[in-house]
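Quick look at coords-v6.txt (compact mmCIF, C-alpha atoms):
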# COMPACT_ATOMS: atom_id res chain seq x y z
CA MET A 921 20.19 4.29 -38.77
CA ALA A 922 20.43 0.89 -40.43
CA GLU A 923 19.03 -0.77 -37.33
CA LEU A 924 16.19 1.75 -37.17
CA ASN A 925 15.25 1.13 -40.79
CA GLU A 926 15.23 -2.63 -40.18
CA LEU A 927 13.03 -2.20 -37.12
CA ILE A 928 10.59 -0.07 -39.13
CA GLU A 929 10.29 -2.76 -41.81
CA ASN A 930 9.68 -5.37 -39.11
CA LEU A 931 6.67 -3.33 -37.91
CA ALA A 932 4.76 -4.64 -40.94
CA ASN A 933 4.91 -8.20 -39.62
CA TRP A 934 2.34 -8.69 -36.87
CA ARG A 935 1.86 -12.43 -37.39
CA THR A 936 2.89 -14.86 -34.69
CA GLY A 937 3.72 -18.51 -35.06
CA GLY A 938 6.24 -21.24 -34.39
CA GLY A 939 9.98 -21.23 -34.94
CA ASP A 940 11.53 -17.94 -33.93
CA TRP A 941 8.15 -16.78 -32.55
CA ALA A 942 7.38 -19.79 -30.40
CA ASP A 943 6.83 -17.52 -27.40
CA GLY A 944 3.78 -15.98 -29.12
CA SER A 945 5.50 -12.73 -30.07
CA SER A 946 5.93 -11.33 -33.58
CA LEU A 947 8.56 -9.32 -35.42
CA ARG A 948 6.39 -6.28 -34.78
CA ASP A 949 6.36 -6.98 -31.04
CA GLY A 950 10.12 -7.32 -30.99
CA ALA A 951 10.61 -4.15 -33.03
CA ILE A 952 8.38 -2.13 -30.70
CA THR A 953 10.27 -3.44 -27.66
CA ARG A 954 13.58 -2.36 -29.19
CA LEU A 955 12.19 1.03 -30.31
CA LYS A 956 11.10 1.71 -26.73
CA GLU A 957 14.67 1.00 -25.65
CA ILE A 958 15.99 3.47 -28.24
CA GLY A 959 13.48 5.98 -26.91
CA PRO A 960 12.71 9.55 -28.06
CA ASP A 961 15.41 9.57 -30.76
CA ALA A 962 13.34 7.12 -32.80
CA VAL A 963 10.19 9.26 -32.81
CA PRO A 964 11.05 11.76 -35.60
CA VAL A 965 12.06 8.92 -37.94
CA LEU A 966 8.84 7.01 -37.27
CA VAL A 967 6.75 10.14 -37.72
CA THR A 968 8.43 10.97 -41.03
CA ARG A 969 7.98 7.45 -42.36
CA LEU A 970 4.33 7.26 -41.35
CA GLN A 971 3.56 10.65 -42.89
CA GLN A 972 5.28 9.58 -46.11
CA LEU A 973 3.18 6.41 -46.28
CA LEU A 974 -0.02 8.34 -45.58
CA ASP A 975 0.85 10.80 -48.35
CA ASP A 976 1.64 7.95 -50.75
CA ARG A 977 -1.70 6.31 -49.98
CA ALA A 978 -3.59 9.56 -50.54
CA ASP A 979 -1.73 10.08 -53.83
CA TYR A 980 -2.61 6.56 -54.99
CA LEU A 981 -6.28 7.01 -54.15
CA ALA A 982 -6.37 10.31 -56.04
CA ARG A 983 -4.73 8.71 -59.11
CA PHE A 984 -7.08 5.72 -58.92
CA THR A 985 -10.15 7.97 -58.73
CA ALA A 986 -8.96 10.00 -61.72
CA ALA A 987 -8.13 6.89 -63.75
CA GLU A 988 -11.48 5.31 -62.94
CA ALA A 989 -13.33 8.47 -64.00
CA GLU A 990 -11.33 8.58 -67.24
CA PHE A 991 -12.17 4.94 -68.00
CA ASP A 992 -15.86 5.44 -67.22
CA ALA A 993 -15.99 8.45 -69.55
CA TRP A 994 -14.32 6.45 -72.34
CA ARG A 995 -16.70 3.54 -71.86
CA VAL A 996 -19.70 5.76 -72.65
CA ASP A 997 -18.89 6.00 -76.37
CA TYR A 998 -15.61 4.05 -76.81
CA VAL A 999 -14.02 6.89 -78.78
CA GLY A 1000 -10.24 6.80 -79.03
CA ASP A 1001 -7.82 4.41 -77.38
CA GLN A 1002 -8.73 2.77 -74.09
CA PRO A 1003 -7.21 4.69 -71.17
CA THR A 1004 -4.40 2.79 -69.48
CA GLY A 1005 -4.45 4.52 -66.09
CA LEU A 1006 -6.18 1.66 -64.27
CA LEU A 1007 -3.86 -0.90 -65.86
CA GLU A 1008 -0.82 1.08 -64.74
CA LEU A 1009 -2.07 0.97 -61.14
CA ARG A 1010 -2.83 -2.74 -61.25
CA GLY A 1011 0.39 -3.81 -59.53
CA TYR A 1012 -0.05 -1.52 -56.53
CA ARG A 1013 0.23 -3.23 -53.15
CA ASP A 1014 -1.03 -1.25 -50.18
CA PRO A 1015 1.50 -1.40 -47.29
CA TYR A 1016 -1.29 -0.91 -44.78
CA GLU A 1017 0.26 -3.32 -42.27
CA LEU A 1018 3.37 -1.15 -42.06
CA ARG A 1019 1.25 1.96 -41.46
CA GLN A 1020 -0.61 0.13 -38.70
CA GLY A 1021 2.66 -0.99 -37.14
CA LEU A 1022 4.04 2.55 -37.18
CA VAL A 1023 0.92 3.80 -35.41
CA GLU A 1024 1.25 1.08 -32.77
CA ALA A 1025 4.94 1.90 -32.28
CA LEU A 1026 4.27 5.62 -31.85
CA HIS A 1027 1.51 4.78 -29.37
CA ALA A 1028 3.92 2.61 -27.39
CA LEU A 1029 6.53 5.38 -27.34
CA GLY A 1030 3.93 7.86 -26.07
CA ASP A 1031 5.66 10.96 -27.41
CA GLU A 1032 3.44 14.01 -28.01
CA ARG A 1033 5.46 14.88 -31.13
CA ALA A 1034 3.53 12.05 -32.80
CA ALA A 1035 0.13 13.70 -32.22
CA PRO A 1036 -0.14 15.51 -35.62
CA VAL A 1037 0.65 12.41 -37.67
CA LEU A 1038 -1.71 10.30 -35.55
CA VAL A 1039 -4.47 12.81 -36.29
CA ALA A 1040 -3.63 12.46 -39.99
CA ALA A 1041 -3.80 8.67 -39.62
CA LEU A 1042 -7.42 8.96 -38.44
CA ARG A 1043 -8.36 9.61 -42.07
CA ASP A 1044 -6.69 6.40 -43.21
CA GLN A 1045 -9.15 3.50 -43.16
CA ALA A 1046 -6.50 0.98 -42.18
CA CYS A 1047 -5.17 3.09 -39.30
CA VAL A 1048 -8.15 4.92 -37.85
CA ALA A 1049 -8.92 2.50 -35.01
CA ASN A 1050 -5.30 2.23 -33.83
CA ALA A 1051 -4.80 5.98 -34.18
CA ALA A 1052 -7.90 6.68 -32.10
CA ARG A 1053 -6.61 4.37 -29.36
CA ALA A 1054 -3.23 6.10 -29.44
CA LEU A 1055 -4.83 9.53 -29.09
CA ARG A 1056 -6.37 8.51 -25.80
CA ASP A 1057 -2.84 8.52 -24.37
CA ILE A 1058 -1.10 11.02 -26.66
CA ARG A 1059 -3.13 14.21 -26.50
CA ALA A 1060 -3.69 16.17 -29.70
CA ALA A 1061 -4.83 19.78 -30.04
CA ASP A 1062 -8.17 19.32 -31.84
CA PRO A 1063 -8.74 15.96 -33.53
CA VAL A 1064 -12.57 16.01 -33.46
CA ASP A 1065 -13.10 16.64 -37.19
CA ALA A 1066 -10.55 13.98 -38.07
CA LEU A 1067 -12.19 11.54 -35.66
CA MET A 1068 -15.53 12.05 -37.41
CA ASP A 1069 -13.81 11.65 -40.79
CA GLY A 1070 -12.40 8.36 -39.57
CA LEU A 1071 -15.70 7.26 -38.10
CA VAL A 1072 -17.61 7.64 -41.36
CA ILE A 1073 -15.12 5.47 -43.30
CA THR A 1074 -15.09 2.67 -40.71
CA ASP A 1075 -17.29 -0.39 -41.20
CA ARG A 1076 -19.84 -0.59 -38.42
CA ASN A 1077 -18.62 -3.51 -36.34
CA GLY A 1078 -19.34 -2.60 -32.74
CA THR A 1079 -15.78 -2.55 -31.39
CA MET A 1080 -13.83 -0.16 -33.60
CA THR A 1081 -16.67 2.27 -34.23
CA ASN A 1082 -17.53 2.35 -30.54
CA GLU A 1083 -13.91 3.07 -29.64
CA ILE A 1084 -13.62 5.90 -32.17
CA ALA A 1085 -16.88 7.39 -30.90
CA ALA A 1086 -15.65 7.13 -27.30
CA VAL A 1087 -12.45 9.01 -28.15
CA ALA A 1088 -14.45 11.73 -29.93
CA ILE A 1089 -16.55 12.15 -26.79
CA GLU A 1090 -13.40 12.32 -24.65
CA TYR A 1091 -12.15 15.15 -26.86
CA GLY A 1092 -15.37 17.08 -26.35
CA VAL A 1093 -17.25 16.58 -29.60
CA THR A 1094 -20.51 18.54 -29.41
CA PRO A 1095 -24.01 17.63 -30.56
CA ARG A 1096 -23.86 20.61 -32.92
CA GLN A 1097 -20.74 19.21 -34.61
CA VAL A 1098 -22.20 15.73 -35.02
CA ILE A 1099 -25.54 17.01 -36.33
CA ALA A 1100 -23.85 19.32 -38.82
CA ARG A 1101 -21.73 16.47 -40.13
CA PHE A 1102 -24.71 14.07 -40.25
CA ASP A 1103 -26.71 16.58 -42.30
CA VAL A 1104 -24.12 16.60 -45.10
CA GLU A 1105 -22.98 12.97 -44.93
CA GLU A 1106 -24.04 10.99 -48.00
CA THR A 1107 -22.81 7.47 -47.27
CA GLU A 1108 -25.09 5.02 -45.50
CA GLN A 1109 -22.30 3.74 -43.27
CA GLY A 1110 -21.30 7.28 -42.32
CA ARG A 1111 -24.82 8.37 -41.46
CA VAL A 1112 -25.35 5.32 -39.25
CA ASN A 1113 -22.06 5.78 -37.42
CA LEU A 1114 -22.65 9.49 -36.85
CA LEU A 1115 -26.12 9.04 -35.41
CA GLU A 1116 -24.85 6.23 -33.20
CA LEU A 1117 -22.18 8.68 -32.00
CA LEU A 1118 -24.96 11.16 -31.23
CA ALA A 1119 -26.82 8.49 -29.26
CA ASP A 1120 -23.62 7.73 -27.32
CA LEU A 1121 -23.24 11.45 -26.69
CA ALA A 1122 -26.82 11.69 -25.40
CA ALA A 1123 -25.95 9.11 -22.75
CA GLU A 1124 -23.13 11.37 -21.56
CA ARG A 1125 -24.59 14.87 -21.77
CA GLU A 1126 -27.64 16.84 -22.88
CA VAL A 1127 -28.60 16.44 -26.53
CA PRO A 1128 -31.73 18.07 -27.98
CA ALA A 1129 -34.45 15.59 -28.86
CA THR A 1130 -34.97 17.40 -32.18
CA ALA A 1131 -31.68 15.92 -33.39
CA PHE A 1132 -33.21 12.44 -33.27
CA LEU A 1133 -36.76 13.41 -34.20
CA ALA A 1134 -35.50 14.77 -37.51
CA ALA A 1135 -34.21 11.29 -38.46
CA VAL A 1136 -37.32 9.28 -37.52
CA ASP A 1137 -38.21 8.65 -41.17
CA ASP A 1138 -34.66 8.21 -42.44
CA ASP A 1139 -34.44 5.69 -45.28
CA ILE A 1140 -31.67 3.77 -43.51
CA GLU A 1141 -32.95 1.16 -41.06
CA GLU A 1142 -29.86 1.37 -38.83
CA VAL A 1143 -30.26 5.14 -38.53
CA ARG A 1144 -33.74 4.56 -37.17
CA TRP A 1145 -32.24 2.08 -34.69
CA ALA A 1146 -29.98 4.87 -33.45
CA VAL A 1147 -33.00 7.17 -33.15
CA THR A 1148 -34.75 4.77 -30.78
CA ARG A 1149 -31.59 4.44 -28.68
CA GLY A 1150 -31.00 8.18 -28.60
CA LEU A 1151 -34.56 8.88 -27.49
CA THR A 1152 -34.02 6.76 -24.38
CA HIS A 1153 -31.34 9.23 -23.26
CA VAL A 1154 -33.02 12.59 -23.95
CA ALA A 1155 -35.47 14.21 -21.58
CA ALA A 1156 -38.78 12.33 -21.68
CA SER A 1157 -41.65 14.27 -23.19
CA PRO A 1158 -45.02 13.62 -24.84
CA GLU A 1159 -43.32 14.25 -28.19
CA THR A 1160 -40.66 11.60 -27.69
CA GLU A 1161 -43.25 9.07 -26.51
CA ALA A 1162 -45.49 9.85 -29.48
CA THR A 1163 -42.53 9.43 -31.83
CA LEU A 1164 -41.69 6.02 -30.41
CA LEU A 1165 -45.34 4.97 -30.74
CA VAL A 1166 -45.21 5.89 -34.42
CA MET A 1167 -41.94 4.00 -34.80
CA ALA A 1168 -43.54 0.97 -33.13
CA LEU A 1169 -45.47 0.65 -36.41
CA ASP A 1170 -42.37 0.93 -38.63
CA GLN A 1171 -42.17 -1.22 -41.74
CA GLU A 1172 -39.07 -2.97 -40.39
CA SER A 1173 -39.58 -5.36 -37.48
CA SER A 1174 -36.09 -4.56 -36.17
CA VAL A 1175 -37.12 -0.92 -35.77
CA ARG A 1176 -40.50 -1.84 -34.27
CA TRP A 1177 -39.14 -3.93 -31.41
CA ARG A 1178 -36.42 -1.39 -30.65
CA ALA A 1179 -39.02 1.39 -30.52
CA ILE A 1180 -41.30 -0.62 -28.24
CA SER A 1181 -38.41 -1.51 -25.94
CA ALA A 1182 -37.30 2.14 -25.84
CA LEU A 1183 -40.85 3.28 -25.06
CA ARG A 1184 -41.12 0.81 -22.20
CA GLN A 1185 -37.72 1.85 -20.91
CA ILE A 1186 -38.53 5.56 -20.71
CA ARG A 1187 -41.87 4.71 -19.08
CA GLY A 1188 -40.11 2.59 -16.50
CA SER A 1189 -41.72 -0.67 -17.54
CA GLY A 1190 -38.68 -2.20 -19.24
CA THR A 1191 -35.04 -2.64 -18.36
CA SER A 1192 -33.25 -2.78 -21.69
CA VAL A 1193 -33.67 -1.12 -25.04
CA TRP A 1194 -32.53 -4.41 -26.62
CA ASP A 1195 -35.10 -6.60 -24.83
CA TYR A 1196 -36.57 -8.17 -27.96
CA HIS A 1197 -38.56 -10.97 -26.37
CA ASN A 1198 -40.35 -8.59 -24.03
CA SER A 1199 -41.40 -6.20 -26.79
CA PRO A 1200 -44.29 -7.47 -28.93
CA LEU A 1201 -46.66 -5.03 -30.57
CA THR A 1202 -49.75 -5.06 -28.39
CA GLU A 1203 -53.37 -4.03 -28.85
CA ASP A 1204 -52.89 -1.23 -26.30
CA LEU A 1205 -49.90 0.19 -28.17
CA VAL A 1206 -51.75 0.14 -31.51
CA ARG A 1207 -54.75 1.81 -29.91
CA GLU A 1208 -52.55 4.44 -28.26
CA ALA A 1209 -50.75 5.14 -31.54
CA PHE A 1210 -54.02 5.45 -33.43
CA LEU A 1211 -55.35 7.98 -30.94
CA LEU A 1212 -52.35 10.27 -31.57
CA GLN A 1213 -54.10 11.64 -34.66
CA ASP A 1214 -50.66 11.61 -36.30
CA GLU A 1215 -50.89 11.70 -40.08
CA ARG A 1216 -48.27 8.93 -40.39
CA VAL A 1217 -50.16 6.43 -38.24
CA ASP A 1218 -53.05 5.47 -40.50
CA GLY A 1219 -50.84 4.32 -43.34
CA ARG A 1220 -48.55 2.41 -41.02
CA ILE A 1221 -51.47 0.66 -39.34
CA ARG A 1222 -52.84 -0.42 -42.72
CA ALA A 1223 -49.40 -1.74 -43.65
CA ARG A 1224 -49.06 -3.66 -40.37
CA LEU A 1225 -52.54 -5.08 -40.86
CA ALA A 1226 -51.41 -6.44 -44.20
CA ASP A 1227 -47.89 -7.70 -43.51
CA LEU A 1228 -47.29 -8.12 -39.78
CA ARG A 1229 -46.50 -11.69 -38.82
CA ASP A 1230 -49.11 -11.41 -36.07
CA PRO A 1231 -51.73 -8.87 -37.21
CA ILE A 1232 -54.27 -9.72 -34.51
CA PRO A 1233 -53.23 -6.91 -32.09
CA VAL A 1234 -53.89 -4.47 -34.93
CA VAL A 1235 -57.24 -6.07 -35.76
CA ARG A 1236 -58.38 -6.06 -32.15
CA ALA A 1237 -57.27 -2.47 -31.52
CA LEU A 1238 -59.11 -1.20 -34.60
CA HIS A 1239 -62.12 -3.36 -33.73
CA SER A 1240 -62.43 -1.87 -30.23
CA LEU A 1241 -61.94 1.66 -31.55
CA ALA A 1242 -64.56 1.15 -34.24
CA ALA A 1243 -66.96 -0.28 -31.67
CA ASP A 1244 -66.47 2.95 -29.70
CA GLY A 1245 -67.51 4.94 -32.74
CA ALA A 1246 -64.15 5.76 -34.34
CA SER A 1247 -64.98 5.84 -38.04
CA ARG A 1248 -61.30 6.14 -38.97
CA ALA A 1249 -60.67 2.77 -37.34
CA GLY A 1250 -63.43 1.15 -39.34
CA ALA A 1251 -62.08 2.70 -42.52
CA ALA A 1252 -58.61 1.35 -41.73
CA LEU A 1253 -60.01 -2.15 -41.19
CA LEU A 1254 -61.90 -2.10 -44.47
CA SER A 1255 -59.18 -0.53 -46.60
CA GLY A 1256 -57.86 -2.85 -49.27
CA THR A 1257 -58.22 -6.58 -48.84
CA ALA A 1258 -56.02 -7.27 -45.81
CA LEU A 1259 -58.97 -8.00 -43.50
CA PHE A 1260 -60.54 -10.23 -46.15
CA ARG A 1261 -57.39 -12.34 -46.33
CA LEU A 1262 -57.31 -12.64 -42.55
CA MET A 1263 -60.94 -13.80 -42.57
CA LEU A 1264 -59.98 -16.62 -44.92
CA THR A 1265 -56.97 -17.74 -42.84
CA ASP A 1266 -57.74 -20.27 -40.12
CA GLU A 1267 -55.45 -18.76 -37.47
CA THR A 1268 -56.90 -15.24 -37.79
CA ALA A 1269 -60.43 -15.90 -39.06
CA GLU A 1270 -62.28 -15.56 -35.74
CA ALA A 1271 -60.87 -12.17 -34.70
CA ALA A 1272 -60.99 -10.81 -38.25
CA LYS A 1273 -64.62 -11.92 -38.76
CA ALA A 1274 -65.67 -10.32 -35.47
CA ALA A 1275 -64.10 -7.03 -36.50
CA PHE A 1276 -65.63 -7.19 -39.96
CA ASP A 1277 -69.11 -7.82 -38.60
CA THR A 1278 -68.80 -4.69 -36.45
CA VAL A 1279 -67.93 -2.29 -39.26
CA ALA A 1280 -69.11 -3.83 -42.54
CA THR A 1281 -71.91 -2.35 -44.62
CA PRO A 1282 -73.89 -4.42 -47.12
CA ALA A 1283 -71.57 -3.11 -49.82
CA ASP A 1284 -68.58 -4.37 -47.85
CA VAL A 1285 -70.23 -7.80 -47.49
CA THR A 1286 -70.74 -7.92 -51.25
CA ARG A 1287 -67.11 -6.89 -51.84
CA PHE A 1288 -65.91 -9.63 -49.50
CA GLU A 1289 -68.00 -12.28 -51.24
CA GLU A 1290 -66.59 -11.18 -54.60
CA PHE A 1291 -63.08 -11.38 -53.13
CA ARG A 1292 -63.69 -14.85 -51.71
CA SER A 1293 -65.15 -16.18 -54.94
CA ALA A 1294 -62.16 -14.88 -56.87
CA GLN A 1295 -59.67 -16.84 -54.75
CA PRO A 1296 -58.09 -19.89 -56.40
CA LYS A 1297 -59.82 -23.10 -55.46
CA PRO A 1298 -57.60 -25.60 -53.64
CA GLN A 1299 -56.59 -28.37 -55.98
CA PRO A 1300 -57.33 -31.94 -54.85
CA LYS A 1301 -54.28 -34.06 -54.27
CA ARG A 1302 -53.65 -36.53 -57.05
CA ARG A 1303 -53.16 -40.15 -56.19
CA ARG A 1304 -49.98 -41.63 -57.50
CA TRP A 1305 -50.27 -44.95 -59.20
CA PHE A 1306 -47.30 -47.25 -59.24
CA ARG A 1307 -47.03 -50.17 -61.57
CA ARG A 1308 -46.18 -53.29 -59.69
CA ARG A 1309 -43.21 -55.06 -61.21

Using structure tokens, write down the structure from this file.
Amino acid sequence: MAELNELIENLANWRTGGGDWADGSSLRDGAITRLKEIGPDAVPVLVTRLQQLLDDRADYLARFTAAEAEFDAWRVDYVGDQPTGLLELRGYRDPYELRQGLVEALHALGDERAAPVLVAALRDQACVANAARALRDIRAADPVDALMDGLVITDRNGTMTNEIAAVAIEYGVTPRQVIARFDVEETEQGRVNLLELLADLAAEREVPATAFLAAVDDDIEEVRWAVTRGLTHVAASPETEATLLVMALDQESSVRWRAISALRQIRGSGTSVWDYHNSPLTEDLVREAFLLQDERVDGRIRARLADLRDPIPVVRALHSLAADGASRAGAALLSGTALFRLMLTDETAEAAKAAFDTVATPADVTRFEEFRSAQPKPQPKRRRWFRRR
């Protein structure tokens, strides 16, 4: 037993280096090798120790949350003595490396008796990625809820979140389960990770488009990224194409180019949803979006006219529509002062002036002249005089 306890403590040390570890191994590596030699007899001890550490961590977090709430309540009016709960917890050191080492050791041993504690480890932020990897080889009864719990507490970093999502899919997570969890999830990180999981799931099996359409206007930019990716995997329809056209006018450029790439991909004119350089907003796309008669489009077009780095596709689309008799297009061009500013900017003046001349009334001309006269006059450069010494 003494040897086993020493091996368990060595699991905390994953670092490699010179000296005794000149071969590139670590104390953890050596401990796992020896534990595999000991075999199944080591499993119950490792399981018990890991569960104890998980329970200790959960207890600490509960005490920290309570102490923090107590301090916040005291800070409102400073009545009575300052609570000492947070001070009492100040010396706590989280043995997360030992928990990680125990998960790795149980994975290496491959014993199904470890499955329940590995499922519990999915809810531990330090262990979730390693526990998910272990559960690919050590089958558990139903870890899907725990996998989603682990996913929402994991920083989105590409590798770990993708691996956790892949394991959830292997265990048969359903669109219904992911959508239900997404609907109640409050954290930004959790909502992003869950909708990315749903997009991954859509690449594997049938997912209703409504699941993504409901998140088109989500406040979180990365959630809208996941929407564009998910829509490339659902059955193509006029509704999904219309949605991507609306998203092509999103306030965030990162969403716009993803939506345009996704639209081209489902239409067969693009190869990758991440093809940024092949996905500029074009006059044809603006025109097509405008003709949707979608209530969200007009406001987005006005916003793109005002703040898009290259507003000319918007100007030209509205110009051609107005020339064809679309009064809404003319109204969009003349709303606010965006077109006026473009007329006074050298790079955009020609296209903006042509559009203005097509739709402007005498009152609009007067308004433009008032706008121009109100602009600050450029100040002449002052000559610097230097006294010769």

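Counting from atom CA of Ala1179 of chain A, the distance to atom CA of Leu1164 of chain A is 5.3 Å.
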
Which distance in Å separates atom CA of Asn925 of chain A and atom CA of Leu1009 of chain A, to one decimal? 26.7 Å

Could you please determine the separation between atom CA of Ala1242 of chain A and atom CA of Val1279 of chain A in Å, to one decimal place? 7.0 Å

Option closest in space to Arg1187 of chain A, from A:Glu957, A:Arg1216, A:Leu1205, A:Ala1156 [counting all atoms listed in the file]: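 Of the candidates, the smallest distance to Arg1187 of chain A is held by A:Ala1156.
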
Tell me which protein, DNA and RNA residues are within 10 Å of Lys956 of chain A, counting all atoms listed in the file, leaving out same-chain ones fewer than 6 positions away, and put them as a list in words.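 That gives Ala962, Val963, Ala1025, Leu1026, Ala1028, Leu1029 and Gly1030 of chain A.
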
Distance query Leu924 of chain A at most 12 Å, all atoms listed in the file, self and fewer than 4 positions along chain excluded, as a PyMOL selection string: chain A and resi 928-931+951-952+954-959+961-966+969

Counting all atoms listed in the file, what is within 10 Å of segment 1288-1297 of chain A, bar same-chain residues fewer than 2 positions away, as a PyMOL selection string? chain A and resi 1254+1257+1259-1261+1263-1264+1276+1280+1282-1286+1299-1300

As a CSV table (one decimal), keeping the file's coordinate frame, the rebuilt segment 1085-1104 of chain A with N, CA and C atoms:
chain,number,residue,atom,x,y,z
A,1085,ALA,N,-15.9,6.5,-31.5
A,1085,ALA,CA,-16.9,7.4,-30.9
A,1085,ALA,C,-16.5,7.8,-29.5
A,1086,ALA,N,-16.0,6.8,-28.7
A,1086,ALA,CA,-15.6,7.1,-27.3
A,1086,ALA,C,-14.5,8.2,-27.2
A,1087,VAL,N,-13.6,8.1,-28.1
A,1087,VAL,CA,-12.4,9.0,-28.2
A,1087,VAL,C,-13.0,10.4,-28.6
A,1088,ALA,N,-13.9,10.4,-29.5
A,1088,ALA,CA,-14.4,11.7,-29.9
A,1088,ALA,C,-15.2,12.4,-28.8
A,1089,ILE,N,-15.9,11.6,-28.0
A,1089,ILE,CA,-16.6,12.2,-26.8
A,1089,ILE,C,-15.5,12.6,-25.8
A,1090,GLU,N,-14.4,11.9,-25.6
A,1090,GLU,CA,-13.4,12.3,-24.6
A,1090,GLU,C,-12.8,13.7,-25.1
A,1091,TYR,N,-12.7,13.9,-26.4
A,1091,TYR,CA,-12.2,15.2,-26.9
A,1091,TYR,C,-13.2,16.3,-27.0
A,1092,GLY,N,-14.4,16.0,-26.5
A,1092,GLY,CA,-15.4,17.1,-26.4
A,1092,GLY,C,-16.2,17.4,-27.6
A,1093,VAL,N,-16.4,16.4,-28.4
A,1093,VAL,CA,-17.2,16.6,-29.6
A,1093,VAL,C,-18.6,17.0,-29.1
A,1094,THR,N,-19.2,18.0,-29.8
A,1094,THR,CA,-20.5,18.5,-29.4
A,1094,THR,C,-21.6,18.0,-30.3
A,1095,PRO,N,-22.9,18.0,-29.7
A,1095,PRO,CA,-24.0,17.6,-30.6
A,1095,PRO,C,-24.1,18.5,-31.8
A,1096,ARG,N,-23.8,19.7,-31.7
A,1096,ARG,CA,-23.9,20.6,-32.9
A,1096,ARG,C,-22.9,20.1,-34.0
A,1097,GLN,N,-21.7,19.7,-33.6
A,1097,GLN,CA,-20.7,19.2,-34.6
A,1097,GLN,C,-21.2,17.9,-35.3
A,1098,VAL,N,-21.8,17.0,-34.5
A,1098,VAL,CA,-22.2,15.7,-35.0
A,1098,VAL,C,-23.4,15.9,-35.9
A,1099,ILE,N,-24.3,16.8,-35.5
A,1099,ILE,CA,-25.5,17.0,-36.3
A,1099,ILE,C,-25.2,17.7,-37.6
A,1100,ALA,N,-24.3,18.6,-37.6
A,1100,ALA,CA,-23.8,19.3,-38.8
A,1100,ALA,C,-23.2,18.3,-39.8
A,1101,ARG,N,-22.4,17.4,-39.3
A,1101,ARG,CA,-21.7,16.5,-40.1
A,1101,ARG,C,-22.7,15.4,-40.7
A,1102,PHE,N,-23.7,15.0,-39.8
A,1102,PHE,CA,-24.7,14.1,-40.2
A,1102,PHE,C,-25.5,14.7,-41.4
A,1103,ASP,N,-25.9,15.9,-41.3
A,1103,ASP,CA,-26.7,16.6,-42.3
A,1103,ASP,C,-26.1,16.6,-43.7
A,1104,VAL,N,-24.8,16.5,-43.8
A,1104,VAL,CA,-24.1,16.6,-45.1
A,1104,VAL,C,-23.5,15.3,-45.5
